[in-house]
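A quick write-up on the structure given underneath.
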Amino acid sequence: MEISSDVWVAGLIRRAEIGGAFATVVKRGDARGGAVIVKAYDTSTRRARLYSEAFGMDGERRWIQPIESEFESELDAYVDRQRRYDPDLWVVEIEDREGRSFVEI
């Protein structure tokens, strides 16, 4: 049984907080089945990475980096495009001095 998006996001935020990071929901999506994008910001290097939810052939949740850029504005533009395309999308931002995303890659 797959866990609902709202419960999964709450768990992600809790994992980040336990790890000493700050995490927040930037955009709430569909509580039951909305896809999730995680923006991990490394406060020590001032660089960000995006992780997008995908599902493997076995139905397991996987995380991919849909875009890589040195410019945070390009990452934000990607998120904005995805939000226009998928109104059920969740967007979570995590700020961590080690740049951890707290998702299993």
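Convention: chains lettered A, B, ... in structure tokens order; per-chain residue numbering from 1; ligands numbered from 1 as shown.
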
Within 10 Å of segment 51-60 of chain A, which residues of segment 67-105 of chain A come that close, and what is the closest atom pair and distance in Å for each? Count only C-alpha atoms and give it as JSON lines.
```
{"residue": "A:Ile67", "atom": "CA", "partner": "A:Tyr51", "partner_atom": "CA", "distance": 8.5}
{"residue": "A:Glu68", "atom": "CA", "partner": "A:Tyr51", "partner_atom": "CA", "distance": 9.7}
{"residue": "A:Val79", "atom": "CA", "partner": "A:Ser52", "partner_atom": "CA", "distance": 9.8}
{"residue": "A:Val91", "atom": "CA", "partner": "A:Ser52", "partner_atom": "CA", "distance": 9.6}
{"residue": "A:Val92", "atom": "CA", "partner": "A:Tyr51", "partner_atom": "CA", "distance": 9.9}
{"residue": "A:Ser101", "atom": "CA", "partner": "A:Tyr51", "partner_atom": "CA", "distance": 8.0}
{"residue": "A:Val103", "atom": "CA", "partner": "A:Tyr51", "partner_atom": "CA", "distance": 8.3}
{"residue": "A:Ile105", "atom": "CA", "partner": "A:Tyr51", "partner_atom": "CA", "distance": 9.0}
```

* Using only C-alpha atoms, which residues sit within 7 Å of segment 25-33 of chain A once same-chain residues fewer than 5 positions away are excluded, as a VMD selection string? -> chain A and resid 4 to 6 87 to 93

What does the file look like for those residues with all heavy atoms, as an mmCIF file, in the first residue's frame?
```cif
data_model
loop_
_atom_site.group_PDB
_atom_site.id
_atom_site.type_symbol
_atom_site.label_atom_id
_atom_site.label_comp_id
_atom_site.auth_asym_id
_atom_site.auth_seq_id
_atom_site.Cartn_x
_atom_site.Cartn_y
_atom_site.Cartn_z
ATOM 1 N N SER A 4 0.067 8.149 1.411
ATOM 2 C CA SER A 4 -0.435 9.359 0.760
ATOM 3 C C SER A 4 0.645 10.444 0.767
ATOM 4 O O SER A 4 1.543 10.459 1.607
ATOM 5 C CB SER A 4 -1.706 9.861 1.455
ATOM 6 O OG SER A 4 -1.427 10.246 2.773
ATOM 7 N N SER A 5 0.528 11.365 -0.169
ATOM 8 C CA SER A 5 1.542 12.411 -0.338
ATOM 9 C C SER A 5 1.665 13.296 0.892
ATOM 10 O O SER A 5 2.777 13.655 1.295
ATOM 11 C CB SER A 5 1.223 13.277 -1.558
ATOM 12 O OG SER A 5 1.275 12.496 -2.729
ATOM 13 N N ASP A 6 0.539 13.659 1.506
ATOM 14 C CA ASP A 6 0.620 14.549 2.666
ATOM 15 C C ASP A 6 1.347 13.904 3.841
ATOM 16 O O ASP A 6 2.148 14.544 4.516
ATOM 17 C CB ASP A 6 -0.760 15.062 3.080
ATOM 18 C CG ASP A 6 -1.742 13.955 3.441
ATOM 19 O OD1 ASP A 6 -1.493 12.774 3.129
ATOM 20 O OD2 ASP A 6 -2.793 14.287 4.037
ATOM 21 N N PRO A 87 -1.075 20.909 -11.280
ATOM 22 C CA PRO A 87 -1.535 21.674 -10.120
ATOM 23 C C PRO A 87 -1.578 20.863 -8.816
ATOM 24 O O PRO A 87 -1.708 21.434 -7.741
ATOM 25 C CB PRO A 87 -2.939 22.130 -10.529
ATOM 26 C CG PRO A 87 -3.363 21.181 -11.590
ATOM 27 C CD PRO A 87 -2.108 20.739 -12.284
ATOM 28 N N ASP A 88 -1.458 19.545 -8.898
ATOM 29 C CA ASP A 88 -1.461 18.680 -7.713
ATOM 30 C C ASP A 88 -0.075 18.500 -7.105
ATOM 31 O O ASP A 88 0.100 17.776 -6.129
ATOM 32 C CB ASP A 88 -2.032 17.295 -8.056
ATOM 33 C CG ASP A 88 -3.497 17.369 -8.457
ATOM 34 O OD1 ASP A 88 -4.193 18.281 -7.973
ATOM 35 O OD2 ASP A 88 -3.946 16.514 -9.236
ATOM 36 N N LEU A 89 0.924 19.162 -7.688
ATOM 37 C CA LEU A 89 2.318 19.001 -7.288
ATOM 38 C C LEU A 89 2.620 19.609 -5.922
ATOM 39 O O LEU A 89 2.170 20.710 -5.604
ATOM 40 C CB LEU A 89 3.211 19.669 -8.341
ATOM 41 C CG LEU A 89 4.718 19.612 -8.148
ATOM 42 C CD1 LEU A 89 5.218 18.192 -8.357
ATOM 43 C CD2 LEU A 89 5.399 20.562 -9.110
ATOM 44 N N TRP A 90 3.385 18.879 -5.114
ATOM 45 C CA TRP A 90 3.919 19.384 -3.844
ATOM 46 C C TRP A 90 5.331 19.897 -4.104
ATOM 47 O O TRP A 90 6.093 19.269 -4.842
ATOM 48 C CB TRP A 90 4.023 18.260 -2.828
ATOM 49 C CG TRP A 90 2.746 17.785 -2.252
ATOM 50 C CD1 TRP A 90 1.844 16.938 -2.850
ATOM 51 C CD2 TRP A 90 2.214 18.084 -0.973
ATOM 52 N NE1 TRP A 90 0.794 16.711 -2.014
ATOM 53 C CE2 TRP A 90 0.991 17.392 -0.847
ATOM 54 C CE3 TRP A 90 2.655 18.865 0.087
ATOM 55 C CZ2 TRP A 90 0.211 17.465 0.294
ATOM 56 C CZ3 TRP A 90 1.869 18.937 1.227
ATOM 57 C CH2 TRP A 90 0.662 18.247 1.325
ATOM 58 N N VAL A 91 5.705 21.005 -3.470
ATOM 59 C CA VAL A 91 7.064 21.521 -3.546
ATOM 60 C C VAL A 91 7.556 21.719 -2.108
ATOM 61 O O VAL A 91 6.932 22.431 -1.324
ATOM 62 C CB VAL A 91 7.153 22.854 -4.320
ATOM 63 C CG1 VAL A 91 8.591 23.338 -4.373
ATOM 64 C CG2 VAL A 91 6.579 22.697 -5.725
ATOM 65 N N VAL A 92 8.668 21.045 -1.786
ATOM 66 C CA VAL A 92 9.257 21.121 -0.458
ATOM 67 C C VAL A 92 10.668 21.679 -0.591
ATOM 68 O O VAL A 92 11.425 21.229 -1.458
ATOM 69 C CB VAL A 92 9.316 19.718 0.203
ATOM 70 C CG1 VAL A 92 9.981 19.795 1.578
ATOM 71 C CG2 VAL A 92 7.928 19.111 0.303
ATOM 72 N N GLU A 93 11.014 22.651 0.240
ATOM 73 C CA GLU A 93 12.371 23.194 0.244
ATOM 74 C C GLU A 93 13.039 22.835 1.563
ATOM 75 O O GLU A 93 12.438 22.970 2.629
ATOM 76 C CB GLU A 93 12.365 24.716 0.061
ATOM 77 C CG GLU A 93 12.001 25.120 -1.348
ATOM 78 C CD GLU A 93 12.239 26.587 -1.628
ATOM 79 O OE1 GLU A 93 12.875 27.286 -0.804
ATOM 80 O OE2 GLU A 93 11.782 27.047 -2.683
#
```

* Counting only C-alpha atoms, figure out which residue out of A:Glu95, A:Glu104, A:Arg61, A:Phe71 gets nearest to Phe22 of chain A. =>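 Ranked by minimum distance to Phe22 of chain A, first place goes to A:Glu95.
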
* **Residue set, chain A restricted to helix (DSSP H, G or I), as a list in words** =>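 Secondary structure check on chain A, helix (DSSP H, G or I): Ser5, Asp6, Val7, Trp8, Val9, Ala10, Gly11, Leu12, Ile13, Arg14, Arg15, Ala16, Glu17, Ile18, Glu72, Ser73, Glu74, Leu75, Asp76, Ala77, Tyr78, Val79, Asp80, Arg81, Gln82, Arg83, Arg84 and Tyr85 of chain A.
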
* To do: Mind checking which residues fall within 12 Å of Glu17 of chain A, counting only C-alpha atoms, ignoring those fewer than 5 positions away in the same chain, and posting them as a list of chain:residue names?
  => A:Ala10, A:Gly11, A:Leu12, A:Phe22, A:Ala23, A:Thr24, A:Ile94, A:Glu95, A:Asp96, A:Arg100, A:Ser101, A:Phe102

Neighbours of Thr43 of chain A within 9 Å (only C-alpha atoms; same-chain residues fewer than 4 positions away dropped), as a PDB file with all heavy atoms, in the first residue's frame?
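Okay, this is what ended up in selection-v4.pdb:
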```pdb
ATOM      1  N   ARG A  47      24.387  26.528  -2.912  1.00  0.00           N
ATOM      2  CA  ARG A  47      23.963  25.866  -4.146  1.00  0.00           C
ATOM      3  C   ARG A  47      22.742  25.022  -3.859  1.00  0.00           C
ATOM      4  O   ARG A  47      22.591  24.474  -2.772  1.00  0.00           O
ATOM      5  CB  ARG A  47      25.075  24.982  -4.688  1.00  0.00           C
ATOM      6  CG  ARG A  47      26.282  25.846  -5.057  1.00  0.00           C
ATOM      7  CD  ARG A  47      27.180  25.277  -6.057  1.00  0.00           C
ATOM      8  NE  ARG A  47      26.482  24.861  -7.246  1.00  0.00           N
ATOM      9  CZ  ARG A  47      27.010  24.033  -8.121  1.00  0.00           C
ATOM     10  NH1 ARG A  47      28.205  23.551  -7.944  1.00  0.00           N
ATOM     11  NH2 ARG A  47      26.348  23.678  -9.189  1.00  0.00           N
ATOM     12  N   ALA A  48      21.898  24.881  -4.846  1.00  0.00           N
ATOM     13  CA  ALA A  48      20.670  24.106  -4.689  1.00  0.00           C
ATOM     14  C   ALA A  48      20.625  22.983  -5.723  1.00  0.00           C
ATOM     15  O   ALA A  48      21.247  23.075  -6.783  1.00  0.00           O
ATOM     16  CB  ALA A  48      19.454  25.007  -4.846  1.00  0.00           C
ATOM     17  N   GLU A  95      16.685  23.462   3.682  1.00  0.00           N
ATOM     18  CA  GLU A  95      17.953  24.180   3.827  1.00  0.00           C
ATOM     19  C   GLU A  95      18.790  23.424   4.849  1.00  0.00           C
ATOM     20  O   GLU A  95      18.339  23.189   5.969  1.00  0.00           O
ATOM     21  CB  GLU A  95      17.716  25.607   4.306  1.00  0.00           C
ATOM     22  CG  GLU A  95      17.007  26.463   3.292  1.00  0.00           C
ATOM     23  CD  GLU A  95      16.816  27.887   3.760  1.00  0.00           C
ATOM     24  OE1 GLU A  95      17.290  28.245   4.868  1.00  0.00           O
ATOM     25  OE2 GLU A  95      16.183  28.651   3.023  1.00  0.00           O
ATOM     26  N   ASP A  96      19.996  23.054   4.420  1.00  0.00           N
ATOM     27  CA  ASP A  96      20.860  22.242   5.272  1.00  0.00           C
ATOM     28  C   ASP A  96      22.305  22.633   5.028  1.00  0.00           C
ATOM     29  O   ASP A  96      22.706  22.854   3.879  1.00  0.00           O
ATOM     30  CB  ASP A  96      20.640  20.760   4.941  1.00  0.00           C
ATOM     31  CG  ASP A  96      21.477  19.843   5.794  1.00  0.00           C
ATOM     32  OD1 ASP A  96      21.357  19.885   7.033  1.00  0.00           O
ATOM     33  OD2 ASP A  96      22.266  19.066   5.215  1.00  0.00           O
ATOM     34  N   ARG A  97      23.105  22.703   6.075  1.00  0.00           N
ATOM     35  CA  ARG A  97      24.510  23.104   5.918  1.00  0.00           C
ATOM     36  C   ARG A  97      25.333  22.046   5.195  1.00  0.00           C
ATOM     37  O   ARG A  97      26.441  22.312   4.768  1.00  0.00           O
ATOM     38  CB  ARG A  97      25.111  23.464   7.265  1.00  0.00           C
ATOM     39  CG  ARG A  97      25.221  22.310   8.226  1.00  0.00           C
ATOM     40  CD  ARG A  97      25.822  22.748   9.570  1.00  0.00           C
ATOM     41  NE  ARG A  97      25.556  21.767  10.582  1.00  0.00           N
ATOM     42  CZ  ARG A  97      24.533  21.783  11.427  1.00  0.00           C
ATOM     43  NH1 ARG A  97      23.676  22.766  11.390  1.00  0.00           N
ATOM     44  NH2 ARG A  97      24.366  20.831  12.300  1.00  0.00           N
ATOM     45  N   GLU A  98      24.787  20.826   5.043  1.00  0.00           N
ATOM     46  CA  GLU A  98      25.465  19.767   4.305  1.00  0.00           C
ATOM     47  C   GLU A  98      24.813  19.505   2.949  1.00  0.00           C
ATOM     48  O   GLU A  98      25.257  18.642   2.203  1.00  0.00           O
ATOM     49  CB  GLU A  98      25.472  18.479   5.128  1.00  0.00           C
ATOM     50  CG  GLU A  98      26.236  18.596   6.427  1.00  0.00           C
ATOM     51  CD  GLU A  98      26.102  17.357   7.287  1.00  0.00           C
ATOM     52  OE1 GLU A  98      26.045  16.242   6.724  1.00  0.00           O
ATOM     53  OE2 GLU A  98      26.045  17.503   8.518  1.00  0.00           O
ATOM     54  N   GLY A  99      23.742  20.214   2.644  1.00  0.00           N
ATOM     55  CA  GLY A  99      23.068  20.066   1.359  1.00  0.00           C
ATOM     56  C   GLY A  99      22.269  18.785   1.209  1.00  0.00           C
ATOM     57  O   GLY A  99      21.945  18.390   0.099  1.00  0.00           O
TER      58      GLY A  99
END
```

* To do: Would you please extract all strand (DSSP E or B) residues from chain A, as assigned by DSSP on the backbone, and give them as a PyMOL selection string?
  => chain A and resi 22-27+36-42+47-55+61-64+90-96

Take the residues from that selection and write them out as a short mmCIF file (atom, residue, chain, number, x, y, z; two decimals), in the first residue's frame, keeping C-alpha atoms.
```cif
data_model
loop_
_atom_site.label_atom_id
_atom_site.label_comp_id
_atom_site.auth_asym_id
_atom_site.auth_seq_id
_atom_site.Cartn_x
_atom_site.Cartn_y
_atom_site.Cartn_z
CA PHE A 22 15.05 23.50 8.07
CA ALA A 23 12.26 22.24 5.80
CA THR A 24 9.02 23.79 4.64
CA VAL A 25 6.21 23.13 2.20
CA VAL A 26 6.32 25.83 -0.47
CA LYS A 27 3.30 24.51 -2.36
CA VAL A 36 6.62 15.79 -4.98
CA ILE A 37 9.61 17.96 -5.91
CA VAL A 38 12.27 18.58 -3.27
CA LYS A 39 14.65 21.53 -3.51
CA ALA A 40 17.72 20.94 -1.34
CA TYR A 41 19.70 24.09 -0.59
CA ASP A 42 23.23 23.74 0.75
CA ARG A 47 23.96 25.87 -4.15
CA ALA A 48 20.67 24.11 -4.69
CA ARG A 49 19.62 20.82 -6.28
CA LEU A 50 16.22 19.53 -7.32
CA TYR A 51 14.87 16.04 -6.81
CA SER A 52 11.75 14.89 -8.57
CA GLU A 53 9.67 11.89 -7.66
CA ALA A 54 9.46 9.07 -10.17
CA PHE A 55 8.32 5.49 -9.94
CA ARG A 61 9.40 5.53 -5.42
CA ARG A 62 12.65 6.76 -6.97
CA TRP A 63 14.27 10.19 -6.99
CA ILE A 64 15.89 11.78 -10.02
CA TRP A 90 3.92 19.38 -3.84
CA VAL A 91 7.06 21.52 -3.55
CA VAL A 92 9.26 21.12 -0.46
CA GLU A 93 12.37 23.19 0.24
CA ILE A 94 15.09 22.00 2.61
CA GLU A 95 17.95 24.18 3.83
CA ASP A 96 20.86 22.24 5.27
#
```

* Please, what distance in Å, to one decimal, runs between atom CA of Tyr85 of chain A and atom CA of Ala16 of chain A? ->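 Atom CA of Tyr85 of chain A sits 27.6 Å away from atom CA of Ala16 of chain A.
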
* Structure fact -> Here atom CA of Ser69 of chain A and atom CA of Gln82 of chain A stand apart by 16.3 Å

* To do: Using atom CA of Ala21 of chain A and atom CA of Glu2 of chain A as the two end points, give the distance in Å to one decimal.
  =>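 Atom-to-atom, atom CA of Ala21 of chain A and atom CA of Glu2 of chain A are spaced 26.1 Å apart.
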